[in-house]
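So this block is run_36.txt, compact mmCIF, C-alpha atoms:
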# COMPACT_ATOMS: atom_id res chain seq x y z
CA MET A 1 42.36 -72.80 1.30
CA ILE A 2 41.14 -71.95 -2.17
CA GLN A 3 42.48 -69.35 -4.57
CA LEU A 4 40.20 -66.64 -5.93
CA LEU A 5 40.92 -65.87 -9.60
CA ALA A 6 38.25 -63.61 -11.05
CA ILE A 7 34.92 -61.92 -10.56
CA THR A 8 32.35 -61.88 -13.33
CA ASP A 9 28.62 -61.59 -13.87
CA ASP A 10 28.63 -64.43 -16.38
CA ARG A 11 26.69 -67.39 -15.05
CA SER A 12 28.24 -70.14 -17.19
CA SER A 13 30.27 -72.80 -15.40
CA PRO A 14 34.02 -72.57 -15.82
CA ALA A 15 35.93 -75.57 -17.12
CA PRO A 16 37.24 -77.91 -14.38
CA PRO A 17 39.20 -77.67 -12.17
CA LEU A 18 37.88 -74.13 -11.79
CA ARG A 19 34.66 -73.60 -9.89
CA ALA A 20 32.14 -70.79 -9.49
CA VAL A 21 30.46 -69.35 -6.40
CA PRO A 22 27.40 -67.09 -6.73
CA CYS A 23 27.86 -63.80 -4.84
CA GLY A 24 24.60 -61.91 -5.31
CA ASP A 25 24.54 -60.57 -8.87
CA LEU A 26 28.19 -61.52 -9.33
CA THR A 27 29.98 -64.82 -9.66
CA ALA A 28 33.42 -65.51 -8.21
CA ILE A 29 35.62 -68.07 -9.91
CA TYR A 30 38.25 -69.92 -7.92
CA ALA A 31 40.80 -72.68 -8.21
CA PRO A 32 40.57 -75.37 -5.56
CA ALA A 33 44.32 -75.98 -5.66
CA VAL A 34 46.54 -73.32 -4.15
CA GLU A 35 49.87 -72.27 -5.64
CA ASP A 36 52.48 -72.60 -2.93
CA SER A 37 55.03 -70.66 -4.94
CA ALA A 38 55.25 -67.15 -6.31
CA GLY A 39 57.83 -68.05 -8.96
CA ALA A 40 57.44 -67.14 -12.62
CA ASP A 41 55.94 -70.54 -13.50
CA ALA A 42 53.23 -70.16 -10.85
CA LEU A 43 52.41 -66.67 -12.11
CA TRP A 44 52.10 -67.94 -15.69
CA ARG A 45 49.88 -70.84 -14.62
CA HIS A 46 47.61 -68.36 -12.84
CA GLU A 47 47.60 -66.07 -15.86
CA GLU A 48 46.68 -68.89 -18.24
CA LEU A 49 43.68 -69.78 -16.12
CA VAL A 50 42.43 -66.20 -16.03
CA GLU A 51 43.06 -65.76 -19.77
CA SER A 52 41.05 -68.90 -20.51
CA LEU A 53 38.15 -67.38 -18.55
CA MET A 54 38.59 -64.04 -20.30
CA GLU A 55 38.08 -65.61 -23.73
CA THR A 56 34.36 -66.02 -23.13
CA ARG A 57 33.59 -63.58 -20.29
CA ASP A 58 34.03 -60.06 -19.10
CA LEU A 59 35.75 -60.24 -15.74
CA LEU A 60 37.73 -58.48 -13.07
CA PRO A 61 40.97 -60.35 -12.40
CA VAL A 62 41.86 -60.81 -8.73
CA ARG A 63 45.35 -60.15 -7.42
CA PHE A 64 47.62 -63.21 -7.37
CA GLY A 65 47.81 -64.99 -4.04
CA THR A 66 44.31 -64.18 -2.81
CA LEU A 67 43.55 -67.20 -0.65
CA LEU A 68 40.33 -67.72 1.26
CA ALA A 69 39.13 -70.47 3.56
CA ASP A 70 36.18 -71.74 1.54
CA GLU A 71 33.28 -70.80 -0.75
CA GLU A 72 31.47 -69.14 2.12
CA ALA A 73 34.42 -66.84 2.79
CA ILE A 74 34.52 -65.90 -0.90
CA ALA A 75 30.79 -65.19 -1.04
CA GLN A 76 31.06 -62.97 2.02
CA ALA A 77 34.20 -61.09 0.95
CA VAL A 78 32.94 -60.46 -2.58
CA GLY A 79 29.40 -59.75 -1.40
CA GLU A 80 30.64 -56.95 0.86
CA ARG A 81 31.99 -55.10 -2.17
CA GLY A 82 29.36 -56.27 -4.63
CA GLY A 83 28.08 -52.87 -5.75
CA GLN A 84 31.53 -51.42 -6.25
CA LEU A 85 32.81 -54.48 -8.12
CA ALA A 86 29.74 -54.51 -10.37
CA GLY A 87 30.47 -50.87 -11.22
CA ARG A 88 34.08 -51.70 -12.04
CA LEU A 89 33.00 -54.62 -14.20
CA GLU A 90 30.88 -52.24 -16.28
CA LEU A 91 33.94 -50.04 -16.85
CA VAL A 92 35.99 -52.91 -18.29
CA ARG A 93 33.18 -54.70 -20.14
CA GLY A 94 34.19 -55.57 -23.68
CA ALA A 95 37.76 -54.38 -23.19
CA VAL A 96 41.20 -55.89 -22.60
CA GLU A 97 44.42 -54.45 -21.25
CA LEU A 98 47.54 -53.82 -23.31
CA ALA A 99 50.90 -53.14 -21.71
CA LEU A 100 53.55 -50.81 -23.10
CA ARG A 101 57.08 -50.05 -22.03
CA VAL A 102 59.17 -47.41 -23.77
CA ALA A 103 62.92 -47.33 -23.19
CA ASP A 104 66.06 -45.88 -24.76
CA ARG A 105 67.52 -48.18 -27.38
CA GLU A 106 71.04 -47.20 -26.31
CA PRO A 107 72.22 -47.54 -22.71
CA ALA A 108 72.45 -44.24 -20.80
CA THR A 109 76.25 -44.39 -20.85
CA THR A 110 76.29 -44.48 -24.65
CA ILE A 111 73.90 -41.55 -24.85
CA ARG A 112 76.05 -39.63 -22.39
CA SER A 113 79.27 -40.26 -24.28
CA GLY A 114 77.56 -39.29 -27.55
CA ALA A 115 76.60 -35.89 -26.16
CA ALA A 116 79.26 -33.22 -26.65
CA THR A 117 78.41 -31.37 -23.45
CA GLY A 118 76.46 -31.88 -20.24
CA THR A 119 73.86 -29.45 -21.52
CA GLU A 120 73.44 -31.40 -24.73
CA TYR A 121 72.99 -34.59 -22.72
CA MET A 122 70.32 -32.94 -20.56
CA GLN A 123 68.54 -31.77 -23.70
CA LEU A 124 68.67 -35.26 -25.17
CA GLN A 125 67.21 -36.68 -22.00
CA ALA A 126 64.45 -34.07 -21.88
CA SER A 127 63.56 -34.83 -25.48
CA ARG A 128 63.34 -38.58 -24.74
CA VAL A 129 61.09 -37.99 -21.77
CA ARG A 130 58.91 -35.77 -23.98
CA SER A 131 58.76 -38.49 -26.64
CA GLY A 132 57.57 -40.97 -24.03
CA ARG A 133 54.83 -38.60 -22.94
CA LEU A 134 53.70 -37.96 -26.52
CA ILE A 135 53.58 -41.69 -27.23
CA HIS A 136 51.46 -42.19 -24.12
CA ASP A 137 49.05 -39.41 -25.09
CA GLU A 138 48.61 -40.78 -28.60
CA LEU A 139 47.93 -44.33 -27.42
CA ALA A 140 45.73 -43.23 -24.51
CA ALA A 141 43.45 -41.57 -27.06
CA LEU A 142 42.83 -44.98 -28.66
CA GLY A 143 41.71 -46.59 -25.42
CA ARG A 144 38.82 -46.31 -23.01
CA ASP A 145 41.18 -45.67 -20.11
CA SER A 146 44.90 -45.61 -19.39
CA ALA A 147 47.29 -45.70 -16.46
CA THR A 148 51.00 -45.09 -16.02
CA LEU A 149 52.84 -47.54 -13.80
CA PRO A 150 56.07 -47.04 -11.86
CA GLY A 151 59.19 -48.32 -13.58
CA PRO A 152 62.69 -47.37 -14.67
CA GLU A 153 61.74 -46.84 -18.34
CA LEU A 154 60.73 -43.59 -20.04
CA LEU A 155 57.20 -44.92 -19.98
CA ARG A 156 55.50 -47.93 -18.43
CA ALA A 157 51.79 -47.87 -19.05
CA ALA A 158 48.56 -49.83 -19.35
CA TYR A 159 45.72 -49.17 -21.79
CA LEU A 160 42.16 -50.41 -21.58
CA VAL A 161 41.25 -51.12 -25.20
CA GLU A 162 38.10 -52.51 -26.83
CA ARG A 163 38.57 -56.13 -27.85
CA SER A 164 37.86 -55.07 -31.43
CA GLY A 165 40.43 -52.26 -31.19
CA VAL A 166 43.49 -54.36 -30.34
CA ASP A 167 44.72 -54.66 -33.92
CA ALA A 168 44.46 -50.92 -34.52
CA PHE A 169 46.30 -50.26 -31.25
CA VAL A 170 49.15 -52.60 -32.20
CA ALA A 171 49.35 -51.04 -35.66
CA ARG A 172 49.71 -47.62 -34.00
CA VAL A 173 52.46 -48.95 -31.73
CA ARG A 174 54.33 -50.19 -34.81
CA LYS A 175 54.00 -46.77 -36.45
CA LEU A 176 55.23 -45.05 -33.31
CA GLN A 177 58.18 -47.45 -33.21
CA GLU A 178 59.08 -46.54 -36.79
CA ALA A 179 58.78 -42.85 -35.99
CA ASN A 180 60.99 -43.18 -32.90
CA PRO A 181 63.92 -45.43 -33.89
CA GLU A 182 66.00 -44.21 -30.92
CA LEU A 183 63.44 -45.75 -28.58
CA VAL A 184 62.28 -49.31 -28.02
CA LEU A 185 58.55 -49.89 -27.66
CA ILE A 186 57.52 -53.19 -26.09
CA CYS A 187 53.83 -53.98 -26.26
CA THR A 188 52.39 -57.12 -24.65
CA GLY A 189 48.90 -58.46 -24.20
CA PRO A 190 46.00 -58.69 -24.38
CA TRP A 191 45.91 -59.05 -20.60
CA PRO A 192 42.90 -59.29 -18.33
CA PRO A 193 42.21 -55.73 -17.08
CA TYR A 194 44.46 -56.00 -14.01
CA SER A 195 45.40 -52.32 -13.98
CA PHE A 196 41.77 -51.20 -14.16
CA ALA A 197 40.21 -53.62 -11.68
CA GLU A 198 40.49 -51.20 -8.75
CA GLY A 199 39.93 -47.46 -8.86
CA GLU A 200 43.47 -46.87 -7.71
CA ARG A 201 46.30 -49.34 -7.58
CA ALA A 202 46.61 -50.62 -4.03
CA MET B 1 66.28 -70.33 -25.81
CA SER B 2 63.12 -70.82 -27.85
CA SER B 3 61.32 -67.73 -29.02
CA ALA B 4 58.28 -68.61 -26.90
CA ILE B 5 60.44 -68.56 -23.80
CA ALA B 6 62.09 -65.33 -24.89
CA ASP B 7 58.66 -63.78 -25.32
CA ARG B 8 57.66 -64.95 -21.87
CA ASP B 9 60.80 -63.48 -20.37
CA THR B 10 60.06 -60.18 -22.05
CA ALA B 11 56.48 -60.20 -20.86
CA LEU B 12 57.41 -61.29 -17.33
CA VAL B 13 57.88 -57.71 -16.14
CA ASP B 14 54.36 -56.90 -17.34
CA LEU B 15 53.05 -60.11 -15.78
CA VAL B 16 54.51 -59.28 -12.36
CA ASP B 17 53.23 -55.69 -12.55
CA ARG B 18 49.74 -57.02 -13.14
CA LEU B 19 49.42 -60.12 -11.00
CA LEU B 20 51.24 -58.72 -7.97
CA GLY B 21 50.47 -55.01 -8.31
CA GLY B 22 47.07 -54.98 -9.99
CA GLY B 23 43.80 -56.87 -9.81
CA VAL B 24 40.95 -56.72 -7.36
CA VAL B 25 42.12 -56.62 -3.76
CA ILE B 26 39.68 -58.53 -1.59
CA ALA B 27 39.50 -57.48 2.04
CA GLY B 28 40.38 -60.05 4.64
CA ASP B 29 42.28 -62.26 2.25
CA ILE B 30 45.62 -63.87 2.71
CA THR B 31 47.92 -62.48 0.06
CA LEU B 32 51.58 -62.93 -0.67
CA SER B 33 53.89 -61.57 1.94
CA VAL B 34 56.21 -58.74 0.98
CA ALA B 35 59.11 -61.20 1.18
CA ASP B 36 57.48 -63.43 -1.44
CA VAL B 37 56.99 -60.49 -3.78
CA ASP B 38 60.58 -59.38 -3.25
CA LEU B 39 61.72 -62.85 -4.18
CA VAL B 40 59.94 -62.63 -7.51
CA TYR B 41 61.60 -59.29 -8.19
CA VAL B 42 65.02 -60.69 -7.33
CA ASN B 43 64.47 -63.46 -9.84
CA LEU B 44 63.37 -60.85 -12.35
CA ARG B 45 66.47 -58.77 -11.95
CA ALA B 46 68.49 -61.50 -13.64
CA LEU B 47 66.18 -61.20 -16.63
CA VAL B 48 66.53 -57.48 -17.15
CA SER B 49 69.72 -57.81 -19.17
CA SER B 50 68.26 -60.49 -21.43
CA VAL B 51 65.21 -58.31 -22.01
CA ALA B 52 67.46 -55.63 -23.48
CA THR B 53 68.50 -58.12 -26.16
CA ALA B 54 64.96 -59.31 -26.79
CA GLN B 55 63.85 -55.71 -27.26
CA GLU B 56 65.42 -55.78 -30.71
CA LYS B 57 62.28 -57.63 -31.76
CA GLN B 58 60.42 -54.46 -30.85
CA ILE B 59 56.88 -55.69 -30.51
CA MET B 60 56.58 -58.81 -28.47
CA PRO B 61 53.76 -61.23 -28.96
CA ARG B 62 52.91 -63.28 -25.96
CA MET B 63 52.12 -66.97 -26.19
CA GLY B 64 48.70 -67.57 -27.65
CA SER B 65 47.90 -63.88 -27.67
CA ALA B 66 46.28 -61.82 -30.37
CA LEU B 67 49.30 -59.57 -30.89
Go ahead and render the structure in this file as structure tokens.
Amino acid sequence: MIQLLAITDDRSSPAPPLRAVPCGDLTAIYAPAVEDSAGADALWRHEELVESLMETRDLLPVRFGTLLADEEAIAQAVGERGGQLAGRLELVRGAVELALRVADREPATTIRSGAATGTEYMQLQASRVRSGRLIHDELAALGRDSATLPGPELLRAAYLVERSGVDAFVARVRKLQEANPELVLICTGPWPPYSFAEGERA
Amino acid sequence: MSSAIADRDTALVDLVDRLLGGGVVIAGDITLSVADVDLVYVNLRALVSSVATAQEKQIMPRMGSAL
């Protein structure tokens, strides 16, 4: 088995041990060695490989653990979706993904005990949820696309941002953090555009 | 714990979201079983409390990233 990592339309050869398979107008890049673990270390190894590819190419990252029999199987599987994948690649071209999580700085129990009444607590909660939504709207306006992801925080989101716009995005996150000291904003990236590789998250 | 490892722990939630929940899904592939994915999340649960501490740093750079 071989592990599919990314789909690109860049024709340059990836650095060993990675290899490329032509799939019509697209090129699929795979690792000949298969991760037999899904632990954090294996995920990071995978991520480092895809990030190294992303430095010099526009690409669609493939979901972790996508194993195929051989190059032929890759060419066939990718070829079947060639037109759709090429369209997706255009949507992410020149952009990277930034991740944001927004959470309460204080644990819920502290917020609850700080509220004089149940009503006040509900109002506090509503205001935090609203803050999360406003933060999302402001950051979404800086990106080409955005998506909210499921999670326990007030906001867990992904933004598709121009490579040249990353610094401005991070500067805006810092400003929003200063303006919302009761919240914690955690921004990570740049990631390959995982959250924008399919039309809808499967 | 070195700061690089702390950053990785903080970013691990985002990593799992992306590698296991995002990306191109190729038809006919062999992907991780649900049990494998659950295992990753179980391991993550132990990290959630340490993330709360790391959040004091507010904006987390990841290793070798532009942030």
Mind giving me the straight-line distance from CA of Glu72 (chain A) to CA of Gly22 (chain B) in Å, one decimal?
24.3 Å
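Pairwise distance (CA of Arg133 (chain A), CA of Ala103 (chain A)) equals 11.9 Å.
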Could you give me, as a CSV table (one decimal) with C-alpha atoms, keeping the file's coordinate frame, the residues that have an atom at most 8 Å away from the point (53.7, -47.9, -18.7) in the coordinates of the file, using only C-alpha atoms?
chain,number,residue,atom,x,y,z
A,99,ALA,CA,50.9,-53.1,-21.7
A,100,LEU,CA,53.6,-50.8,-23.1
A,101,ARG,CA,57.1,-50.0,-22.0
A,102,VAL,CA,59.2,-47.4,-23.8
A,147,ALA,CA,47.3,-45.7,-16.5
A,148,THR,CA,51.0,-45.1,-16.0
A,149,LEU,CA,52.8,-47.5,-13.8
A,150,PRO,CA,56.1,-47.0,-11.9
A,151,GLY,CA,59.2,-48.3,-13.6
A,155,LEU,CA,57.2,-44.9,-20.0
A,156,ARG,CA,55.5,-47.9,-18.4
A,157,ALA,CA,51.8,-47.9,-19.0
A,158,ALA,CA,48.6,-49.8,-19.4
For a quick test of understanding: name the residues of chain A lying within 7 Å of chain B when counting all atoms listed in the file, and present them as a ChimeraX atom specification.
/A:38-39,60-68,77,99,184-190,194-195,197-198,201
Hey, can you check how far CA of Val96 (chain A) sits from CA of Leu53 (chain A)?
12.6 Å
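A distance cut-off of 7 Å around (41.3, -52.6, -26.9), counting all atoms listed in the file, selects these protein and nucleic acid residues: Ala95, Val96, Glu97, Gly143, Leu160, Val161, Glu162, Arg163, Ser164, Gly165 and Val166 of chain A.
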